[in-house]
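Structure below is protein.txt: compact mmCIF, C-alpha atoms.
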```txt
# COMPACT_ATOMS: atom_id res chain seq x y z
CA MET A 696 94.76 23.57 43.71
CA THR A 697 91.09 23.62 44.60
CA SER A 698 89.38 24.44 47.88
CA GLN A 699 88.22 20.86 48.19
CA SER A 700 91.82 19.57 48.36
CA THR A 701 92.97 22.19 50.87
CA ARG A 702 90.27 22.10 53.50
CA ILE A 703 92.72 21.66 56.39
CA ILE A 704 94.86 24.53 57.67
CA SER A 705 97.13 24.03 60.68
CA LEU A 706 98.10 27.04 62.80
CA THR A 707 101.27 27.33 64.89
CA THR A 708 101.77 30.51 66.93
CA ASP A 709 103.23 31.84 70.18
CA TRP A 710 100.10 33.85 70.96
CA GLY A 711 98.54 31.75 73.71
CA ASN A 712 94.75 31.82 74.05
CA LYS A 713 94.19 35.03 76.02
CA ASP A 714 94.62 37.73 73.39
CA TYR A 715 92.67 38.81 70.33
CA TYR A 716 95.37 37.85 67.79
CA LEU A 717 94.03 34.33 67.33
CA GLY A 718 90.51 35.63 66.83
CA MET A 719 91.73 38.03 64.15
CA LEU A 720 93.58 35.30 62.25
CA THR A 721 90.74 32.79 62.54
CA GLY A 722 88.19 35.37 61.43
CA LYS A 723 90.28 36.43 58.44
CA VAL A 724 90.78 32.83 57.33
CA TYR A 725 87.07 32.00 57.58
CA SER A 726 86.34 35.20 55.67
CA VAL A 727 88.21 33.65 52.78
CA SER A 728 86.10 30.47 52.96
CA THR A 729 83.86 28.85 55.53
CA ASN A 730 84.54 25.49 53.90
CA LEU A 731 87.69 24.95 55.94
CA LYS A 732 88.94 22.97 58.90
CA LEU A 733 91.33 24.91 61.12
CA VAL A 734 93.60 22.78 63.30
CA GLU A 735 95.33 24.63 66.11
CA LEU A 736 98.59 22.75 66.15
CA SER A 737 99.89 24.89 69.00
CA HIS A 738 99.48 28.39 70.37
CA SER A 739 101.82 27.66 73.28
CA VAL A 740 105.14 28.03 71.49
CA PRO A 741 107.49 29.96 73.83
CA SER A 742 107.50 33.63 72.81
CA PHE A 743 109.58 34.32 69.68
CA ASN A 744 110.96 30.75 69.67
CA TYR A 745 110.65 29.89 65.99
CA LYS A 746 112.99 26.88 66.41
CA HIS A 747 110.44 25.35 68.80
CA ALA A 748 107.70 26.08 66.25
CA ALA A 749 109.75 24.48 63.48
CA PHE A 750 110.20 21.30 65.51
CA LEU A 751 106.44 20.99 65.99
CA MET A 752 105.70 21.54 62.31
CA ARG A 753 108.53 19.37 61.00
CA HIS A 754 107.40 16.34 62.96
CA SER A 755 103.64 16.69 62.50
CA PHE A 756 102.80 17.88 58.99
CA ARG A 757 103.22 14.46 57.37
CA PHE A 758 100.34 13.12 59.46
CA PHE A 759 97.93 15.54 57.76
CA PRO A 760 96.27 14.82 54.40
CA GLU A 761 98.29 15.86 51.37
CA GLY A 762 97.38 19.34 50.21
CA SER A 763 97.02 20.70 53.74
CA ILE A 764 98.27 24.23 54.43
CA HIS A 765 100.53 24.82 57.44
CA VAL A 766 100.86 28.35 58.80
CA CYS A 767 103.58 29.54 61.21
CA MET A 768 103.09 32.93 62.85
CA VAL A 769 106.06 32.99 65.23
CA ASN A 770 108.35 36.02 64.76
CA ALA A 771 106.29 37.04 61.75
CA ASP A 772 106.08 40.77 62.57
CA THR A 773 109.62 41.56 63.60
CA ALA A 774 111.69 44.33 62.07
CA ASP A 775 113.93 41.94 60.12
CA ASN A 776 111.10 39.90 58.55
CA GLU A 777 109.78 41.63 55.46
CA ARG A 778 107.80 38.79 53.87
CA MET A 779 105.97 35.54 54.39
CA LEU A 780 107.34 32.63 52.40
CA VAL A 781 104.94 30.32 50.55
CA PHE A 782 106.10 26.99 49.18
CA GLU A 783 105.14 23.40 48.47
CA TYR A 784 107.06 20.61 50.17
CA GLU A 785 106.25 16.89 50.05
CA LYS A 786 102.75 17.66 48.70
CA HIS A 787 101.97 20.06 51.55
CA PHE A 788 101.85 23.85 51.47
CA PHE A 789 103.53 26.15 53.97
CA ILE A 790 103.24 29.82 54.87
CA VAL A 791 106.07 30.85 57.21
CA PRO A 792 108.13 33.96 58.07
CA ASP A 793 111.42 34.49 56.30
CA ASN A 794 113.43 34.08 59.52
CA GLY A 795 115.22 30.80 58.82
CA VAL A 796 112.40 28.56 59.98
CA ILE A 797 112.03 27.06 56.48
CA SER A 798 115.42 25.31 56.78
CA LEU A 799 114.42 23.80 60.13
CA ILE A 800 111.14 22.36 58.76
CA THR A 801 112.48 20.91 55.52
CA ASP A 802 115.36 18.58 54.69
CA TYR A 803 116.07 20.58 51.54
CA LEU A 804 114.87 23.89 50.14
CA PRO A 805 112.12 23.51 47.52
CA ASN A 806 112.97 24.57 43.99
CA SER A 807 110.32 27.30 44.04
CA ILE A 808 109.75 29.55 47.05
CA PHE A 809 107.57 32.63 46.83
CA GLY A 810 107.40 35.73 48.98
CA VAL A 811 104.37 37.81 49.98
CA PRO A 812 105.50 41.22 51.29
CA ILE A 813 104.43 42.32 54.76
CA ASP A 814 103.06 45.84 55.21
CA SER A 815 105.60 47.36 57.58
CA THR A 816 103.39 50.38 58.31
CA THR A 817 101.07 48.32 60.52
CA SER A 818 101.79 46.34 63.70
CA PHE A 819 100.18 43.16 62.35
CA GLY A 820 101.03 43.27 58.66
CA SER A 821 101.64 39.54 58.41
CA LEU A 822 97.91 38.90 58.93
CA ASP A 823 97.01 40.31 55.52
CA SER A 824 99.96 38.54 53.87
CA VAL A 825 98.84 35.17 55.25
CA THR A 826 95.25 35.82 54.17
CA ILE A 827 96.35 36.67 50.63
CA ALA A 828 98.42 33.49 50.44
CA ILE A 829 95.61 31.26 51.76
CA GLU A 830 93.07 32.81 49.40
CA ALA A 831 95.32 32.13 46.43
CA LEU A 832 96.09 28.56 47.51
CA LEU A 833 92.39 27.82 47.86
CA SER A 834 91.70 29.06 44.36
CA ASP A 835 92.76 27.68 41.03
CA SER A 836 95.59 30.20 40.86
CA THR A 837 99.24 29.29 40.75
CA LEU A 838 101.74 30.76 43.19
CA THR A 839 103.14 33.01 40.45
CA ASP A 840 99.75 34.72 40.15
CA PHE A 841 100.02 36.39 43.55
CA ALA A 842 103.63 36.24 44.75
CA ILE A 843 107.17 36.92 43.61
CA GLU A 844 109.72 34.12 43.53
CA ALA A 845 111.96 34.66 46.53
CA SER A 846 115.75 34.75 46.64
CA GLU A 847 118.32 35.26 49.42
CA ILE A 848 116.19 33.32 51.88
CA LYS A 849 117.35 33.25 55.48
CA ARG A 850 118.35 29.78 56.59
CA PHE A 851 120.04 27.83 59.36
CA THR A 852 122.17 24.70 59.30
CA GLN A 853 120.61 21.82 61.20
CA LEU A 854 122.54 21.00 64.38
CA MET A 855 124.00 17.52 63.95
CA PRO A 856 125.54 15.14 66.51
CA VAL A 857 129.34 15.10 66.58
CA PRO A 858 131.03 11.70 66.06
CA GLU A 859 134.15 10.93 68.04
CA GLN A 860 136.58 8.01 68.15
CA ASP A 861 134.70 6.19 70.89
CA GLY A 862 131.39 7.94 70.94
CA LEU A 863 128.86 10.43 69.77
CA THR A 864 127.93 13.75 71.34
CA GLY A 865 124.49 15.11 70.63
CA SER A 866 122.38 17.98 71.87
CA VAL A 867 118.95 18.40 73.38
CA ILE A 868 116.81 20.06 70.70
CA TYR A 869 113.38 19.98 72.34
CA LEU A 870 111.76 19.67 75.75
CA ASP A 871 108.20 18.36 75.67
CA SER A 872 105.46 19.27 78.14
CA TYR A 873 106.54 16.38 80.42
CA LEU A 874 110.10 17.78 80.41
CA ASN A 875 111.40 14.78 78.50
CA ALA A 876 114.57 15.80 76.65
CA ILE A 877 114.58 14.96 72.93
CA THR A 878 117.99 14.96 71.25
CA ASN A 879 119.28 15.20 67.70
CA ILE A 880 120.74 11.66 67.84
CA THR A 881 118.82 9.40 65.47
CA PHE A 882 118.54 5.64 65.78
CA ASP A 883 120.40 5.21 62.47
CA ASP A 884 123.30 7.39 63.63
CA PHE A 885 123.46 5.59 66.97
CA GLU A 886 123.67 2.16 65.36
CA MET A 887 126.09 3.25 62.64
CA TYR A 888 128.65 4.53 65.15
CA ARG A 889 127.92 1.89 67.76
CA GLN A 890 128.85 -1.07 65.52
CA SER A 891 127.38 -3.57 68.00
CA ARG A 892 129.50 -2.29 70.87
CA LYS A 893 128.29 -1.73 74.41
CA PHE A 894 127.45 1.81 75.38
CA VAL A 895 126.75 4.29 78.14
CA ILE A 896 124.63 7.40 77.59
CA TYR A 897 125.76 10.20 79.89
CA VAL A 898 123.33 12.94 80.85
CA GLN A 899 125.04 16.31 81.39
CA SER A 900 128.07 14.79 83.11
CA TYR A 901 129.75 11.45 83.75
CA SER A 902 127.84 11.19 87.02
CA HIS A 903 124.62 9.99 85.40
CA GLY A 904 124.89 7.11 82.93
CA ILE A 905 122.37 4.86 81.17
CA ASN A 906 123.67 1.57 79.76
CA ARG A 907 120.54 0.17 78.14
CA LEU A 908 117.79 1.36 75.85
CA SER A 909 114.17 1.06 76.90
CA LYS A 910 111.33 0.32 74.51
CA SER A 911 108.82 2.20 76.65
CA TYR A 912 108.62 4.15 79.90
CA LYS A 913 107.26 1.03 81.60
CA ASP A 914 110.60 -0.74 81.22
CA VAL A 915 111.92 1.01 84.34
CA GLU A 916 110.63 1.62 87.84
CA LYS A 917 108.75 4.80 88.69
CA GLY A 918 111.21 7.65 89.16
CA ASP A 919 114.08 5.94 87.27
CA LEU A 920 116.08 7.60 84.50
CA LEU A 921 115.76 6.02 81.05
CA ALA A 922 116.74 6.44 77.41
CA LEU A 923 114.71 5.34 74.40
CA PHE A 924 114.25 6.07 70.73
CA ASN A 925 110.85 7.72 70.48
CA SER A 926 108.26 7.65 67.72
CA LEU A 927 110.31 10.22 65.78
CA GLY A 928 113.36 7.94 65.82
CA LEU A 929 115.22 10.37 68.10
CA LEU A 930 117.03 9.57 71.33
CA GLU A 931 114.97 10.75 74.29
CA ILE A 932 116.01 11.08 77.92
CA ALA A 933 113.16 10.75 80.41
CA ILE A 934 112.17 9.80 83.93
CA ARG A 935 109.23 7.49 84.36
CA GLU A 936 106.44 9.64 85.80
CA GLY A 937 108.96 12.38 86.46
CA TYR A 938 110.61 15.41 84.88
CA ALA A 939 114.05 14.61 83.49
CA ALA A 940 114.94 18.13 82.34
CA GLN A 941 114.15 19.55 85.74
CA MET A 942 115.91 16.81 87.68
CA TYR A 943 119.10 16.88 85.60
CA ASN A 944 119.12 20.58 84.70
CA LEU A 945 118.68 19.94 80.98
CA SER A 946 117.77 22.64 78.51
CA VAL A 947 117.81 23.04 74.74
CA GLY A 948 121.47 22.86 73.78
CA SER A 949 122.57 20.61 76.66
CA ASN A 950 125.03 17.90 75.65
CA ILE A 951 124.15 14.21 75.71
CA MET A 952 127.26 12.05 75.41
CA VAL A 953 127.25 8.46 74.15
CA ARG A 954 130.37 6.41 74.76
CA PHE A 955 130.99 3.04 73.09
CA PHE A 956 133.34 0.33 74.37
CA GLU A 957 134.34 -3.22 73.49
CA ASP A 958 134.67 -4.75 76.95
CA GLU A 959 133.61 -4.17 80.53
CA LYS A 960 135.75 -1.07 80.79
CA ILE A 961 133.63 2.05 80.41
CA LEU A 962 135.34 4.76 78.41
CA LYS A 963 135.11 8.41 79.47
```

The structure given in the file should be rewritten as structure tokens.
Amino acid sequence: MTSQSTRIISLTTDWGNKDYYLGMLTGKVYSVSTNLKLVELSHSVPSFNYKHAAFLMRHSFRFFPEGSIHVCMVNADTADNERMLVFEYEKHFFIVPDNGVISLITDYLPNSIFGVPIDSTTSFGSLDSVTIAIEALLSDSTLTDFAIEASEIKRFTQLMPVPEQDGLTGSVIYLDSYLNAITNITFDDFEMYRQSRKFVIYVQSYSHGINRLSKSYKDVEKGDLLALFNSLGLLEIAIREGYAAQMYNLSVGSNIMVRFFEDEKILK
């Protein structure tokens, strides 16, 4: 691929904006080519939380032009990560640590995944590995010219909602900056198990139930609890102009229970 088709590089890190790490990475990338556009997707990922980083990348990369390069530098220089993985997925290119994050970004593992070794004798060995990968991707080289095809890649299984006889139990998988709780329940799953029945969505316990879906936050009064399917097609629990996760003690992994029923009797 040519430099013209890969002008955009997105960066996702847990470095914040106070330290010199970001300056080092940015400088190294621009040393490869000044004909680039760096997009700082986020440098506010909670420390070491590669699952948070994967969520950001998974739900944003498709909005970039095809051929963009997406770099994840969360947990890149830990003792158990010996390489950066480089791969193409849905006409985008990714450079990520081999810590399982690849299986949280993609729906399936690409046929070809390459590894660039990290120099374990330095405290920031991943920086050179990322630079090597970017330089190769911006040239007319193929991935086999600079990297070895990787095997035994670390991976995770995506956490899926659990169907039950009269309901569906999902989990909070992300808290946004407004403390809205985003779950792993998709609109398609909700409708498939609902089968036109009535429903109640319980937040944390049976004490807090929502029996209708909102289309926007404006559908309820200020301070009211609501549920909607957001722009990602995922069930979201929120408070209009409030902080749902704080109010209802929600965190990543908290259960969100949906119960379906045929009549006015609410099932628990």

Check your understanding: Could you name the residues that touch A:Leu804 at 12 Å or less, counting all atoms listed in the file, but leaving out those on the same chain fewer than 6 positions away, as a VMD selection string?
Key -> chain A and resid 780 to 785 795 to 798 845 to 852

Review point. Near A:Ser900, counting only C-alpha atoms, which residues have an atom at most 12 Å away, once you skip same-chain residues fewer than 6 positions from it, shown as JSON, numbers by chain?
Key: {"A": [864, 943, 944, 945, 949, 950, 951, 952, 953, 963]}

**Study point:** Shell of 10 Å around A:Ala771, all atoms listed in the file, local chain residues under 2 positions omitted, as a list of chain:residue names
**Key:**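 Residues meeting the cut-off are A:Thr708, A:Phe743, A:Tyr745, A:Cys767, A:Met768, A:Val769, A:Thr773, A:Ala774, A:Asp775, A:Asn776, A:Glu777, A:Arg778, A:Met779, A:Val791, A:Pro792, A:Asp793, A:Asn794, A:Ile813, A:Phe819, A:Gly820, A:Ser821, A:Leu822.
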
For the residues in the current selection, export C-alpha atoms as a PDB file, keeping the file's coordinate frame.
```pdb
ATOM      1  CA  THR A 708     101.770  30.510  66.930  1.00  0.00           C
ATOM      2  CA  PHE A 743     109.580  34.320  69.680  1.00  0.00           C
ATOM      3  CA  TYR A 745     110.650  29.890  65.990  1.00  0.00           C
ATOM      4  CA  CYS A 767     103.580  29.540  61.210  1.00  0.00           C
ATOM      5  CA  MET A 768     103.090  32.930  62.850  1.00  0.00           C
ATOM      6  CA  VAL A 769     106.060  32.990  65.230  1.00  0.00           C
ATOM      7  CA  THR A 773     109.620  41.560  63.600  1.00  0.00           C
ATOM      8  CA  ALA A 774     111.690  44.330  62.070  1.00  0.00           C
ATOM      9  CA  ASP A 775     113.930  41.940  60.120  1.00  0.00           C
ATOM     10  CA  ASN A 776     111.100  39.900  58.550  1.00  0.00           C
ATOM     11  CA  GLU A 777     109.780  41.630  55.460  1.00  0.00           C
ATOM     12  CA  ARG A 778     107.800  38.790  53.870  1.00  0.00           C
ATOM     13  CA  MET A 779     105.970  35.540  54.390  1.00  0.00           C
ATOM     14  CA  VAL A 791     106.070  30.850  57.210  1.00  0.00           C
ATOM     15  CA  PRO A 792     108.130  33.960  58.070  1.00  0.00           C
ATOM     16  CA  ASP A 793     111.420  34.490  56.300  1.00  0.00           C
ATOM     17  CA  ASN A 794     113.430  34.080  59.520  1.00  0.00           C
ATOM     18  CA  ILE A 813     104.430  42.320  54.760  1.00  0.00           C
ATOM     19  CA  PHE A 819     100.180  43.160  62.350  1.00  0.00           C
ATOM     20  CA  GLY A 820     101.030  43.270  58.660  1.00  0.00           C
ATOM     21  CA  SER A 821     101.640  39.540  58.410  1.00  0.00           C
ATOM     22  CA  LEU A 822      97.910  38.900  58.930  1.00  0.00           C
TER      23      LEU A 822
END
```

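Compared by their closest atoms to A:Ser755, and using all atoms listed in the file, the residues A:Leu908, A:His787, A:Leu854, A:Gly862 rank with A:His787 nearest.
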
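Residue nearest A:Leu733 within the list A:Ala933, A:Ala940, A:Val766, A:Gly928: A:Val766 [criterion: smallest interatomic distance, all atoms listed in the file].
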
Review point. Residues at most 8 Å from stretch 873-880 of chain A, counting only C-alpha atoms, excluding those fewer than 4 positions away in the same chain, as an MDAnalysis selection string?
Key: chainID A and resid 854:856 865:869 884:885 929:934 937:941 945:946 951

Practice item. To one decimal in Å, tell me the separation between atom CA of A:Ile703 and atom CA of A:Leu731. Key: 6.0 Å

Review point. In Å, with one decimal, what is the gap from atom CA of A:Leu921 to atom CA of A:Lys746?
Key: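 Going from atom CA of A:Leu921 over to atom CA of A:Lys746 covers 25.6 Å.
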
Exercise for review: Could you tell me how far atom CA of A:Phe841 lies from atom CA of A:Ile790, in Å and to one decimal?
Suggested key: 13.5 Å

Study note, to complete from the structure: Judged by all atoms listed in the file, the minimum distance to A:Glu761 among A:Met887, A:Ile704, A:Ile829, A:Leu717 is found for A:Ile704

Review point. Which neighbours of A:Lys917 fall inside 9 Å, counting all atoms listed in the file, when residues of the same chain fewer than 3 positions from it are skipped, and could you give them as a PyMOL selection string?
Key: chain A and resi 912-913+920+934-937

Export, as an mmCIF file, in the coordinates of the input, the selected residues with C-alpha atoms.
```cif
data_model
loop_
_atom_site.group_PDB
_atom_site.id
_atom_site.type_symbol
_atom_site.label_atom_id
_atom_site.label_comp_id
_atom_site.auth_asym_id
_atom_site.auth_seq_id
_atom_site.Cartn_x
_atom_site.Cartn_y
_atom_site.Cartn_z
ATOM 1 C CA TYR A 912 108.620 4.150 79.900
ATOM 2 C CA LYS A 913 107.260 1.030 81.600
ATOM 3 C CA LEU A 920 116.080 7.600 84.500
ATOM 4 C CA ILE A 934 112.170 9.800 83.930
ATOM 5 C CA ARG A 935 109.230 7.490 84.360
ATOM 6 C CA GLU A 936 106.440 9.640 85.800
ATOM 7 C CA GLY A 937 108.960 12.380 86.460
#
```

Check your understanding: Pick from A:Glu916, A:Asp823, A:Asp883, A:Glu859: nearest to A:Ser726, with only C-alpha atoms counted?
Key -> A:Asp823

Review point. Out of A:Leu863, A:Val895, A:Val811, A:Leu870, which residue has the shortest atom-to-atom distance to A:Asp840 when counting all atoms listed in the file?
Key: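 Checking each of A:Leu863, A:Val895, A:Val811, A:Leu870 against A:Asp840, counting all atoms listed in the file, the winner is A:Val811.
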